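As provided, my_file21.tsv (TSV, C-alpha atoms) reads as follows.
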chain	number	residue	atom	x	y	z
A	20	MET	CA	-23.08	-19.96	17.10
A	21	ASN	CA	-20.02	-20.46	14.88
A	22	ALA	CA	-17.63	-17.57	14.27
A	23	VAL	CA	-17.48	-18.12	10.48
A	24	PRO	CA	-20.56	-16.02	9.56
A	25	ALA	CA	-19.36	-13.15	11.74
A	26	LEU	CA	-15.86	-13.26	10.23
A	27	LEU	CA	-17.12	-13.45	6.65
A	28	GLY	CA	-19.60	-10.64	7.28
A	29	TYR	CA	-16.84	-8.51	8.77
A	30	ALA	CA	-14.52	-9.28	5.82
A	31	ALA	CA	-17.28	-8.27	3.39
A	32	GLY	CA	-17.76	-4.98	5.22
A	33	VAL	CA	-14.03	-4.22	5.18
A	34	GLY	CA	-13.53	-5.38	1.60
A	35	PHE	CA	-16.55	-3.68	-0.01
A	36	LEU	CA	-18.06	-0.99	2.24
A	37	ALA	CA	-15.04	0.56	4.00
A	38	PRO	CA	-13.30	1.64	0.75
A	39	ARG	CA	-16.46	3.43	-0.37
A	40	LEU	CA	-16.64	5.34	2.91
A	41	LEU	CA	-12.99	6.38	2.69
A	42	LEU	CA	-13.29	7.49	-0.94
A	43	HIS	CA	-16.21	9.76	-0.06
A	44	SER	CA	-14.44	11.32	2.93
A	45	ALA	CA	-12.59	14.64	2.73
A	46	TRP	CA	-10.11	14.10	5.58
A	47	PRO	CA	-7.67	11.65	3.84
A	48	HIS	CA	-6.23	14.38	1.59
A	49	ARG	CA	-5.86	16.63	4.64
A	50	ALA	CA	-4.03	13.95	6.67
A	51	PRO	CA	-2.40	11.69	4.05
A	52	ALA	CA	-0.03	9.87	6.41
A	53	LEU	CA	-2.91	8.82	8.64
A	54	ALA	CA	-4.95	7.82	5.58
A	55	VAL	CA	-2.14	5.53	4.40
A	56	ALA	CA	-2.13	3.89	7.84
A	57	VAL	CA	-5.91	3.36	7.62
A	58	TRP	CA	-5.71	1.75	4.15
A	59	HIS	CA	-2.96	-0.59	5.37
A	60	GLY	CA	-4.89	-1.35	8.55
A	61	LEU	CA	-7.90	-2.39	6.47
A	62	THR	CA	-5.82	-4.72	4.28
A	63	VAL	CA	-4.25	-6.35	7.35
A	64	SER	CA	-7.66	-6.69	8.99
A	65	PHE	CA	-9.19	-8.28	5.88
A	66	THR	CA	-6.32	-10.78	5.60
A	67	ILE	CA	-6.64	-11.79	9.26
A	68	ALA	CA	-10.43	-12.15	8.95
A	69	VAL	CA	-10.10	-14.42	5.89
A	70	ALA	CA	-7.39	-16.49	7.61
A	71	LEU	CA	-9.47	-16.95	10.76
A	72	ALA	CA	-12.58	-17.81	8.73
A	73	ALA	CA	-10.56	-20.48	6.90
A	74	HIS	CA	-9.35	-21.83	10.25
A	75	HIS	CA	-12.88	-22.11	11.65
A	76	LEU	CA	-14.18	-23.67	8.43
A	77	ALA	CA	-11.52	-26.37	8.65
A	78	SER	CA	-11.88	-26.95	12.38
A	79	PRO	CA	-13.97	-30.05	13.27
A	80	THR	CA	-16.78	-28.39	15.21
A	81	GLU	CA	-20.19	-29.89	15.83
A	82	HIS	CA	-21.70	-27.83	13.04
A	83	LEU	CA	-19.09	-28.42	10.36
A	84	HIS	CA	-17.67	-31.86	11.11
A	85	ALA	CA	-20.09	-33.74	8.85
A	86	ASP	CA	-19.58	-31.34	5.96
A	87	LEU	CA	-15.82	-31.55	6.36
A	88	ILE	CA	-15.91	-35.34	6.14
A	89	GLY	CA	-17.83	-35.03	2.87
A	90	VAL	CA	-15.28	-32.58	1.46
A	91	LEU	CA	-12.37	-34.81	2.45
A	92	HIS	CA	-14.10	-37.80	0.87
A	93	SER	CA	-14.72	-35.94	-2.39
A	94	CYS	CA	-11.04	-34.96	-2.48
A	95	GLY	CA	-10.00	-38.59	-1.99
A	96	LEU	CA	-8.52	-37.96	1.43
A	97	THR	CA	-10.80	-40.48	3.16
A	98	ASN	CA	-13.45	-43.10	2.31
A	99	ALA	CA	-17.13	-43.38	3.03
A	100	THR	CA	-16.81	-46.00	5.74
A	101	ALA	CA	-13.80	-44.76	7.67
A	102	ALA	CA	-13.58	-41.57	9.67
A	103	PRO	CA	-10.99	-39.14	8.45
A	104	ASP	CA	-7.60	-39.06	10.10
A	105	PRO	CA	-7.75	-36.34	12.78
A	106	THR	CA	-4.30	-35.17	11.76
A	107	ILE	CA	-5.61	-34.28	8.28
A	108	ILE	CA	-8.29	-32.07	9.80
A	109	ASP	CA	-5.75	-30.49	12.15
A	110	ARG	CA	-3.41	-29.80	9.25
A	111	LEU	CA	-6.21	-28.16	7.28
A	112	ALA	CA	-7.18	-26.04	10.27
A	113	VAL	CA	-3.62	-24.74	10.46
A	114	GLY	CA	-2.65	-24.89	6.79
A	115	LEU	CA	-5.56	-22.95	5.27
A	116	PRO	CA	-5.18	-19.78	7.37
A	117	LEU	CA	-1.42	-20.02	7.09
A	118	LEU	CA	-1.74	-20.22	3.31
A	119	ALA	CA	-3.84	-17.03	3.21
A	120	VAL	CA	-1.26	-15.11	5.24
A	121	LEU	CA	1.77	-16.56	3.44
A	122	LEU	CA	0.29	-15.69	0.04
A	123	VAL	CA	0.16	-12.02	0.97
A	124	LEU	CA	3.59	-12.07	2.64
A	125	GLY	CA	5.08	-13.98	-0.30
A	126	CYS	CA	3.70	-11.45	-2.77
A	127	PHE	CA	5.08	-8.63	-0.62
A	128	VAL	CA	8.56	-10.17	-0.69
A	129	PHE	CA	8.22	-10.65	-4.47
A	130	GLU	CA	7.24	-7.00	-4.97
A	131	VAL	CA	10.13	-5.77	-2.81
A	132	LEU	CA	12.70	-7.96	-4.59
A	133	HIS	CA	11.28	-7.19	-8.03
A	134	GLY	CA	11.47	-3.46	-7.36
A	135	ARG	CA	14.99	-3.79	-5.96
A	136	ARG	CA	16.18	-5.63	-9.08
A	137	ALA	CA	14.65	-2.99	-11.35
A	138	ARG	CA	16.26	-0.17	-9.37
A	139	THR	CA	19.63	-1.95	-9.30
A	140	ARG	CA	19.61	-2.30	-13.09
A	141	HIS	CA	18.72	1.37	-13.48
A	142	ARG	CA	21.43	2.45	-11.04
A	143	GLU	CA	23.98	0.55	-13.10
A	144	VAL	CA	22.89	2.50	-16.17
A	145	LEU	CA	23.05	5.78	-14.23
A	146	ASP	CA	26.61	4.99	-13.16
A	147	MET	CA	27.57	4.83	-16.83
A	148	VAL	CA	25.61	7.74	-18.32
A	149	GLY	CA	24.92	10.08	-15.37
A	150	ARG	CA	27.13	12.40	-13.37
A	151	ARG	CA	26.98	13.04	-9.64
A	152	SER	CA	26.33	16.57	-8.36
A	153	GLN	CA	27.45	17.09	-4.76
A	154	HIS	CA	25.75	20.48	-4.70
A	155	LEU	CA	22.34	19.06	-5.64
A	156	ARG	CA	22.93	15.71	-3.91
A	157	ALA	CA	21.53	14.15	-7.07
A	158	THR	CA	22.56	12.36	-10.25
A	159	ILE	CA	22.26	14.50	-13.38
A	160	LEU	CA	21.11	12.69	-16.50
A	161	GLU	CA	22.01	14.28	-19.81
A	162	HIS	CA	18.57	14.28	-21.38
A	163	GLU	CA	16.65	17.07	-23.10
A	164	LEU	CA	13.24	16.10	-21.71
A	165	PRO	CA	12.49	17.32	-18.16
A	166	ALA	CA	12.52	14.48	-15.64
A	167	ALA	CA	13.00	14.11	-11.90
A	168	TYR	CA	12.58	10.94	-9.88
A	169	CYS	CA	14.12	8.93	-7.07
A	170	LEU	CA	15.29	5.35	-6.66
A	171	PRO	CA	14.52	4.45	-3.01
A	172	GLY	CA	15.80	1.50	-1.01
A	173	HIS	CA	19.43	0.36	-0.81
A	174	ASN	CA	21.89	2.95	-2.17
A	175	PRO	CA	19.12	5.48	-2.97
A	176	ARG	CA	19.43	8.05	-5.74
A	177	VAL	CA	17.69	11.26	-6.71
A	178	VAL	CA	17.84	11.75	-10.46
A	179	VAL	CA	17.20	14.96	-12.40
A	180	SER	CA	17.63	15.51	-16.13
A	181	ALA	CA	19.54	18.36	-17.74
A	182	GLY	CA	16.26	19.40	-19.35
A	183	ALA	CA	14.66	19.85	-15.92
A	184	LEU	CA	17.64	21.91	-14.71
A	185	ARG	CA	17.15	24.31	-17.62
A	186	LEU	CA	13.38	24.45	-17.17
A	187	LEU	CA	13.05	24.92	-13.40
A	188	SER	CA	13.94	27.96	-11.34
A	189	PRO	CA	16.21	27.42	-8.30
A	190	GLY	CA	13.20	27.42	-5.96
A	191	GLN	CA	11.24	25.00	-8.15
A	192	LEU	CA	14.24	22.69	-8.40
A	193	ASP	CA	14.69	22.72	-4.62
A	194	ALA	CA	11.01	21.81	-4.15
A	195	VAL	CA	11.24	18.94	-6.63
A	196	LEU	CA	14.41	17.53	-5.06
A	197	GLU	CA	12.95	17.78	-1.55
A	198	HIS	CA	9.84	15.97	-2.76
A	199	GLU	CA	11.97	13.09	-4.02
A	200	ARG	CA	14.09	12.94	-0.86
A	201	SER	CA	10.87	12.56	1.13
A	202	HIS	CA	10.06	9.35	-0.72
A	203	ILE	CA	13.49	7.98	0.16
A	204	ALA	CA	13.41	9.04	3.82
A	205	GLY	CA	9.90	7.68	4.32
A	206	ARG	CA	10.66	4.32	2.62
A	207	HIS	CA	7.52	4.82	0.58
A	208	HIS	CA	8.44	1.94	-1.75
A	209	LEU	CA	7.67	-0.51	1.08
A	210	ALA	CA	4.22	0.98	1.70
A	211	LEU	CA	3.45	0.76	-2.01
A	212	ALA	CA	4.78	-2.80	-2.24
A	213	ALA	CA	2.44	-3.87	0.58
A	214	THR	CA	-0.66	-2.67	-1.29
A	215	GLU	CA	0.63	-4.15	-4.56
A	216	ALA	CA	1.04	-7.52	-2.82
A	217	PHE	CA	-2.46	-7.38	-1.36
A	218	ALA	CA	-3.88	-6.52	-4.78
A	219	ARG	CA	-2.10	-9.51	-6.35
A	220	VAL	CA	-3.80	-11.92	-3.95
A	221	PHE	CA	-7.26	-10.29	-3.86
A	222	ARG	CA	-7.21	-8.66	-7.28
A	223	ARG	CA	-11.00	-8.31	-7.78
A	224	LEU	CA	-11.67	-6.94	-4.30
A	225	PRO	CA	-12.59	-3.21	-4.20
A	226	LEU	CA	-10.39	-2.75	-1.12
A	227	ALA	CA	-7.37	-4.12	-3.01
A	228	HIS	CA	-7.86	-1.86	-6.03
A	229	HIS	CA	-8.54	1.32	-4.07
A	230	ALA	CA	-5.86	0.71	-1.43
A	231	ARG	CA	-3.20	0.41	-4.13
A	232	GLU	CA	-4.47	3.42	-6.08
A	233	GLN	CA	-5.04	5.71	-3.09
A	234	THR	CA	-1.79	4.79	-1.35
A	235	ALA	CA	0.18	5.86	-4.42
A	236	VAL	CA	-1.58	9.25	-4.47
A	237	LEU	CA	-1.34	9.77	-0.71
A	238	LEU	CA	2.40	9.02	-0.67
A	239	GLU	CA	2.87	11.75	-3.27
A	240	MET	CA	0.88	14.13	-1.06
A	241	ILE	CA	3.09	13.29	1.91
A	242	ALA	CA	6.13	14.17	-0.21
A	243	ASP	CA	4.42	17.39	-1.34
A	244	ASP	CA	3.88	18.39	2.30
A	245	ARG	CA	7.56	17.94	3.05
A	246	ALA	CA	8.51	20.06	0.04
A	247	LEU	CA	6.22	22.81	1.40
A	248	ARG	CA	8.45	23.08	4.45
A	249	ARG	CA	11.14	24.59	2.20
A	250	GLN	CA	9.21	26.37	-0.54
A	251	SER	CA	5.94	28.26	-0.93
A	252	ARG	CA	2.77	26.75	-2.33
A	253	GLU	CA	3.08	28.79	-5.52
A	254	VAL	CA	6.63	27.59	-6.15
A	255	LEU	CA	5.77	23.92	-5.59
A	256	ALA	CA	2.60	24.11	-7.70
A	257	SER	CA	4.45	25.78	-10.57
A	258	ALA	CA	7.17	23.11	-10.38
A	259	MET	CA	4.53	20.38	-10.48
A	260	TYR	CA	2.94	22.10	-13.49
A	261	GLU	CA	6.25	22.22	-15.32
A	262	MET	CA	6.96	18.56	-14.52
A	263	ALA	CA	3.42	17.25	-15.08
A	264	ALA	CA	4.23	16.14	-18.63
A	265	ALA	CA	7.74	14.94	-17.73
A	266	LYS	CA	9.15	11.65	-18.89
A	267	ALA	CA	7.64	8.71	-16.98
A	268	ALA	CA	9.71	7.36	-14.10
A	269	PRO	CA	11.33	3.94	-14.48
A	270	ALA	CA	10.01	0.85	-12.69
A	271	GLY	CA	10.40	1.03	-8.91
A	272	ALA	CA	10.89	4.82	-8.87
A	273	PHE	CA	8.83	7.80	-7.66
A	274	ALA	CA	8.37	10.94	-9.77
A	275	VAL	CA	7.03	14.38	-8.89
A	276	GLY	CA	4.73	14.38	-11.94
A	277	GLY	CA	2.41	11.59	-12.95
A	278	PRO	CA	-1.35	11.11	-13.27
A	279	SER	CA	-2.10	12.50	-9.79
A	280	ALA	CA	-0.38	15.83	-10.49
A	281	VAL	CA	-3.61	17.77	-11.21
A	282	VAL	CA	-5.29	16.65	-7.97
A	283	ARG	CA	-2.16	17.41	-6.01
A	284	MET	CA	-1.69	20.85	-7.58
A	285	ARG	CA	-5.23	21.78	-6.57
A	286	ARG	CA	-4.51	20.54	-3.04
A	287	VAL	CA	-1.27	22.53	-2.85
A	288	LEU	CA	-2.79	25.77	-4.14
A	289	ILE	CA	-5.89	25.61	-1.93
A	290	PRO	CA	-4.74	25.52	1.72
A	291	GLN	CA	-6.10	22.44	3.45
A	292	ARG	CA	-7.46	22.92	6.95
A	293	ARG	CA	-6.11	20.20	9.20
A	294	PRO	CA	-8.83	17.84	10.49
A	295	HIS	CA	-10.18	18.48	13.97
A	296	VAL	CA	-8.18	16.91	16.78
A	297	ALA	CA	-11.16	14.78	17.77
A	298	LEU	CA	-11.45	13.39	14.24
A	299	LEU	CA	-7.72	12.70	14.06
A	300	GLY	CA	-7.82	10.93	17.42
A	301	SER	CA	-10.83	8.84	16.46
A	302	VAL	CA	-9.33	7.81	13.11
A	303	THR	CA	-5.96	7.02	14.72
A	304	ALA	CA	-7.67	4.82	17.31
A	305	ALA	CA	-9.70	3.11	14.57
A	306	ALA	CA	-6.56	2.46	12.50
A	307	ALA	CA	-4.96	0.80	15.55
A	308	VAL	CA	-8.02	-1.25	16.49
A	309	VAL	CA	-9.19	-2.42	13.04
A	310	PRO	CA	-6.48	-5.11	12.60
A	311	VAL	CA	-7.42	-6.56	15.99
A	312	LEU	CA	-11.18	-6.76	15.42
A	313	PRO	CA	-11.10	-10.09	13.52
A	314	LEU	CA	-9.38	-11.65	16.53
A	315	LEU	CA	-12.35	-10.67	18.67
A	316	PHE	CA	-14.76	-12.32	16.23
A	317	GLY	CA	-12.61	-15.40	15.72
A	318	CYS	CA	-11.05	-16.03	19.10
A	319	VAL	CA	-13.72	-14.94	21.60
A	320	PRO	CA	-16.48	-17.56	21.98
A	321	ILE	CA	-19.77	-16.44	20.45
A	322	ILE	CA	-22.82	-17.33	22.51
A	323	GLY	CA	-25.78	-18.42	20.45
C-alpha cells encoding of this file:
Amino acid sequence: MNAVPALLGYAAGVGFLAPRLLLHSAWPHRAPALAVAVWHGLTVSFTIAVALAAHHLASPTEHLHADLIGVLHSCGLTNATAAPDPTIIDRLAVGLPLLAVLLVLGCFVFEVLHGRRARTRHREVLDMVGRRSQHLRATILEHELPAAYCLPGHNPRVVVSAGALRLLSPGQLDAVLEHERSHIAGRHHLALAATEAFARVFRRLPLAHHAREQTAVLLEMIADDRALRRQSREVLASAMYEMAAAKAAPAGAFAVGGPSAVVRMRRVLIPQRRPHVALLGSVTAAAAVVPVLPLLFGCVPIIG
C-alpha cells in the first residue's frame, strides 16, 4: 500500500478536524503557552505531511510510475515513445516537497523582515517626536488619546501616550507596561509571524485561519498572566477596560487593548483553574509527537 492516502488523510484531519476540537476545548485559555505550542505543532505537522505526500506522489513507484509518465508527457517533459529521464523524476521527488517547505519558510522570513521594517520606521518617528522616560522604561508619546504598545525585536520599545498616563492609575499603568514587556521578552512577534506565514501559503485552510487568530489572542493572554504577577486581577481588568478603545497599535506592534480585550477581561476577572496535571502532560506529549507523526506515515513502510 502506498503512503500517499495515509498522508493525505492525516493532513485532512490536522487541517480540518483538529482546529475544531481545539476551538471547542476549554483548556487553551487556561494554559495559553501550551496552546500556542499545540497550534504551531499542528501547522508544522501539516506542512511535513503535505511535503511527504508530494514526495511520494513524485516518486516512481509501481503504482504511480505510469501516471507520472503521463503527467510528464502532458507537460512536455518527455514524449510518448521514450521513457522519461530518471533524473527528472528524481528532481520532482525532491523538488516538490522542498518547494512546500520553502514556501512556508520563505513567507516566514518575509513576515519577519516586513515587521522589522515597519517597526524600524516607527522607531525613527518615535526618536523625533517621543521622549524617553528612565523611570517608566518607556517612550512617552505626546498624544491626547490613550495608547500603549510595544515594538518587539531588535532595539525594542515600550510606548505609552501622555493621554494614557493621565487616564491610568499608577497600578494600572504598571500592569499595562508589564504586559507590553512580556511581549518583548517572549519574542511573541516571531510566534505570530510563523502563523501569518502558514496562513499565506494555505490561506483557505481552517487550520491556517484559526491558528493565526487564536495565536494572537493566546499571546495576549500570556502577557496578561505576566502582568498578574505584579498587580491584582481587578487592577489589570480595569486597565484593560480603560485601554479597550485606545488608538490602534501600528504595524508590527502589540497593544494591551484590541478586539480580544473583552474575552481577556472576562478571563482575568474569573479565576481560571489550571488544567489537571494529567491533561497538561498528555497535551504536552501530543504537542511534541504531532510534528513527528507524518514521518511515521511517510517513512515507515506500509504493509498492504
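As for CA of Ile289 (chain A) and CA of Val55 (chain A), they are spaced 21.4 Å apart.
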- In Å, rounded to a single decimal, give me how far CA of Gly182 (chain A) is from CA of Leu164 (chain A). 5.1 Å
- Counting only C-alpha atoms, the option among A:Leu298, A:Ala213, A:Ala274, A:Ala194 closest to Leu255 (chain A):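 Under the stated criterion, the closest residue is A:Ala194.
Using only C-alpha atoms, the smallest distance between any of A:Arg245, A:Leu211, A:Leu224, A:Ala268 and Ser180 (chain A) comes from A:Ala268.
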- Message: Using all atoms listed in the file for the distances, tell me which of A:Val302, A:Val195, A:Val220, A:Leu145 is nearest to Asp244 (chain A).
- Response: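 Answer, going by the shortest atom-to-atom distance: A:Val195.
Using only C-alpha atoms for every distance, the candidate list A:Leu187, A:Leu312, A:Ala304, A:Ala235 yields A:Ala304 as the residue closest to Val57 (chain A).
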- Give as number ranges by chain each residue that has an atom at most 12 Å from (6.5, -5.8, -5.6) in the file, counting all atoms listed in the file. A: 123-138, 208-219, 231, 270-272
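CA of Pro47 (chain A) lies 27.9 Å from CA of Phe316 (chain A).
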- Have a look at A:Ala70, A:Leu299, A:Val254, A:Val308 and name the one nearest to Met284 (chain A); count all atoms listed in the file. A:Val254
- Message: Considering all atoms listed in the file, can you say which of A:Gly277, A:Pro269, A:Pro175, A:Pro51 comes closest to His141 (chain A)?
- Response: A:Pro269
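For the point (-17.1, -16.1, 10.7), the residues with an atom at a distance of at most 8 Å are A:Asn21, A:Ala22, A:Val23, A:Pro24, A:Ala25, A:Leu26, A:Leu27, A:Gly28, A:Tyr29, A:Ala68, A:Leu71, A:Ala72, A:His75, A:Phe316, A:Gly317, counting all atoms listed in the file.
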